[in-house]
Amino acid sequence: MRRLLIIGCGDVMRRALPQLVQRWHVLALVRQRDPQLAALGVTQIEGDLDRPDTLARLAGVSDAVIHSAPPPSQGTGDPRTRNLIAVLQRGKSLPRQLVYISTSGVYGDCGGARVSETRTPAAQSARAARRVDAENRLRRFGREERGLCRVSILRAPGIYAADRLPLERLHKGLPLMLHGEDSHTNHIHADDLGRACIAALVRGRANRVYNINDDSSLAMGEWFDALADAFALPRAPRLPREEVRRAVPPLQWSFMNESRRLDNTRMKRELRLGLRYPTVAAALPQAVGEEASCSG
């Protein structure tokens with residue numbers, strides 16, 4: 001059985017693990033051992049991307065890699081990805097495939113335009129700039145190894161699931177922008193993002209970027225109105241854009257201020273991924289049901 005190394009075994013990857021362990025011998029880099037991963041049959045390798053001296057065991061250990069670890073929260077680059085590439089290059093053999101989960105934030109503000117993968121990244125936040133650095137390092141790694149390692153990059157927008165919805169924002173009554181000033185937003189269910197990683201392992205092309213998003217076409221206010229209505233919460237107040245900027249935390253504003261509509265044609269054609277949740281409207285009834293079950 002071929003060996004798959006997961007770097008960053010968080011929520012999205014754990015959703016994909018039941019499928020992955022049927023096809024791969026799965027290894028995961030962990031800071032400390034996790035009984036839940038052990039129960040799934042995952043071989044755990046202790047190490048820390050921030051400490052290169054702990055990563056030696058990753059060299060030559062896998063046939064493929066899924067890299068979903070985020071960059072550090074500060075700085076201009078991604079030393080974690082740099083450290084990972086360095087140890088992979090030290091192995092007697094390279095992984096044949098590497099899938100990286102990036103963010104659609106690398107595009108920056110596109111003024112609501114439809115965005116395909118051919119658009120040049122124009123990150124406007126330090127957070128997104130670190131992702132651009134990671135992408136550039138990985139694509140250079142793929143080119144330098146002359147096709148021995150096929151690198152595919154998945155750019156994901158707002159990731160949601162029944163247990164990761166921004167309901168707290170509605171409870172706080174934070175304002176949204178007026179309809180005519182609102183930003184376009186994009187979404188992908190966490191389950192579908194995990195399935196996209198599996199598809200990319202099989203069908204992802206070398207040094208190829210994929211937008212991984214559903215078919216929803218919503219302004220941010222429409223998304224929060226849908227959440228409010230589904231969970232019987234008051235809709236957020238609407239204010240002029242500049243007033244909203246002053247009223248919400250800076251980090252939240254950095255997300256609200258960028259507007260784009262992602263094109264997922266390449267995902268459908270090349271990865272041949274059929275989404276389990278093609279729109280947020282298709283997912284919300286299940287999310288409401290899960291909350292009712294938990295509170296019942």
# chains A, B, ... in the order shown; residues from 1 in each chain; ligands from 1
>>> select_by_dssp(residues="stretch 214-276 of chain A", states="strand (DSSP E or B)", output="PyMOL selection string")
chain A and resi 218-219+238-239+261-262
>>> write_last_selection(atoms="N, CA, C and O atoms", output="short mmCIF file (atom, residue, chain, number, x, y, z; two decimals), in the first residue's frame")
data_model
loop_
_atom_site.label_atom_id
_atom_site.label_comp_id
_atom_site.auth_asym_id
_atom_site.auth_seq_id
_atom_site.Cartn_x
_atom_site.Cartn_y
_atom_site.Cartn_z
N LEU A 218 -23.07 34.60 -3.73
CA LEU A 218 -23.70 35.39 -2.68
C LEU A 218 -22.86 36.61 -2.32
O LEU A 218 -21.62 36.55 -2.32
N ALA A 219 -23.55 37.68 -2.01
CA ALA A 219 -22.89 38.78 -1.30
C ALA A 219 -22.77 38.36 0.16
O ALA A 219 -23.51 37.49 0.64
N ARG A 238 -27.69 46.71 8.72
CA ARG A 238 -26.94 47.14 7.54
C ARG A 238 -26.54 48.60 7.70
O ARG A 238 -27.38 49.45 8.06
N LEU A 239 -25.27 48.88 7.44
CA LEU A 239 -24.73 50.23 7.57
C LEU A 239 -23.88 50.56 6.34
O LEU A 239 -23.44 49.65 5.62
N ARG A 261 -15.60 36.66 -7.13
CA ARG A 261 -16.45 35.51 -7.40
C ARG A 261 -15.60 34.45 -8.10
O ARG A 261 -15.18 34.64 -9.24
N LEU A 262 -15.31 33.39 -7.38
CA LEU A 262 -14.39 32.38 -7.88
C LEU A 262 -15.04 31.50 -8.94
O LEU A 262 -16.19 31.08 -8.80
#
>>> residues_around(residues="A:Ala162", least_positions_apart="5", cutoff="10 Å", atoms="only C-alpha atoms", output="ChimeraX atom specification")
/A:189-190,283-291
>>> write_last_selection(atoms="N, CA and C atoms", output="mmCIF file, in the first residue's frame")
data_model
loop_
_atom_site.group_PDB
_atom_site.id
_atom_site.type_symbol
_atom_site.label_atom_id
_atom_site.label_comp_id
_atom_site.auth_asym_id
_atom_site.auth_seq_id
_atom_site.Cartn_x
_atom_site.Cartn_y
_atom_site.Cartn_z
ATOM 1 N N HIS A 189 -17.726 23.654 1.621
ATOM 2 C CA HIS A 189 -17.955 22.850 2.822
ATOM 3 C C HIS A 189 -16.672 22.087 3.152
ATOM 4 N N ALA A 190 -16.385 21.954 4.437
ATOM 5 C CA ALA A 190 -15.151 21.279 4.866
ATOM 6 C C ALA A 190 -15.080 19.850 4.338
ATOM 7 N N ALA A 283 -26.604 22.845 2.267
ATOM 8 C CA ALA A 283 -25.986 22.363 3.500
ATOM 9 C C ALA A 283 -26.680 22.848 4.770
ATOM 10 N N LEU A 284 -27.332 24.002 4.708
ATOM 11 C CA LEU A 284 -27.861 24.596 5.935
ATOM 12 C C LEU A 284 -28.931 23.741 6.625
ATOM 13 N N PRO A 285 -29.849 23.102 5.905
ATOM 14 C CA PRO A 285 -30.831 22.276 6.625
ATOM 15 C C PRO A 285 -30.191 21.202 7.498
ATOM 16 N N GLN A 286 -29.140 20.558 6.995
ATOM 17 C CA GLN A 286 -28.454 19.557 7.795
ATOM 18 C C GLN A 286 -27.798 20.194 9.005
ATOM 19 N N ALA A 287 -27.206 21.390 8.824
ATOM 20 C CA ALA A 287 -26.560 22.077 9.948
ATOM 21 C C ALA A 287 -27.569 22.417 11.031
ATOM 22 N N VAL A 288 -28.754 22.867 10.619
ATOM 23 C CA VAL A 288 -29.811 23.176 11.590
ATOM 24 C C VAL A 288 -30.227 21.913 12.318
ATOM 25 N N GLY A 289 -30.351 20.820 11.583
ATOM 26 C CA GLY A 289 -30.736 19.554 12.203
ATOM 27 C C GLY A 289 -29.718 19.072 13.201
ATOM 28 N N GLU A 290 -28.431 19.239 12.890
ATOM 29 C CA GLU A 290 -27.385 18.802 13.813
ATOM 30 C C GLU A 290 -27.395 19.634 15.093
ATOM 31 N N GLU A 291 -27.658 20.933 14.948
ATOM 32 C CA GLU A 291 -27.713 21.776 16.147
ATOM 33 C C GLU A 291 -28.896 21.381 17.016
#
>>> closest_residue(among="A:Arg80, A:Lys92, A:Arg127, A:Lys268", to="A:Gly105", atoms="only C-alpha atoms")
A:Arg127
>>> select_by_dssp(residues="stretch 195-228 of chain A", states="alpha helix (DSSP H)", output="PyMOL selection string")
chain A and resi 195-203+220-228
>>> write_last_selection(atoms="C-alpha atoms", output="mmCIF file, in the first residue's frame")
data_model
loop_
_atom_site.group_PDB
_atom_site.id
_atom_site.type_symbol
_atom_site.label_atom_id
_atom_site.label_comp_id
_atom_site.auth_asym_id
_atom_site.auth_seq_id
_atom_site.Cartn_x
_atom_site.Cartn_y
_atom_site.Cartn_z
ATOM 1 C CA ARG A 195 -12.735 15.291 -0.951
ATOM 2 C CA ALA A 196 -10.981 17.799 -3.245
ATOM 3 C CA CYS A 197 -7.654 16.803 -1.686
ATOM 4 C CA ILE A 198 -8.378 13.163 -2.468
ATOM 5 C CA ALA A 199 -9.320 14.047 -6.056
ATOM 6 C CA ALA A 200 -6.155 16.120 -6.463
ATOM 7 C CA LEU A 201 -4.002 13.193 -5.350
ATOM 8 C CA VAL A 202 -5.420 11.206 -8.260
ATOM 9 C CA ARG A 203 -6.050 13.798 -10.967
ATOM 10 C CA MET A 220 -21.616 38.580 2.250
ATOM 11 C CA GLY A 221 -24.853 40.027 3.615
ATOM 12 C CA GLU A 222 -26.873 37.394 1.781
ATOM 13 C CA TRP A 223 -24.776 34.671 3.401
ATOM 14 C CA PHE A 224 -25.374 36.026 6.884
ATOM 15 C CA ASP A 225 -29.063 36.614 6.176
ATOM 16 C CA ALA A 226 -29.359 32.963 5.121
ATOM 17 C CA LEU A 227 -27.678 31.877 8.354
ATOM 18 C CA ALA A 228 -29.901 34.132 10.452
#
>>> residues_around(residues="A:Met13", least_positions_apart="2", cutoff="10 Å", atoms="only C-alpha atoms", output="PyMOL selection string")
chain A and resi 6-11+15-18+20+66-68+190-191+193-195+197-198
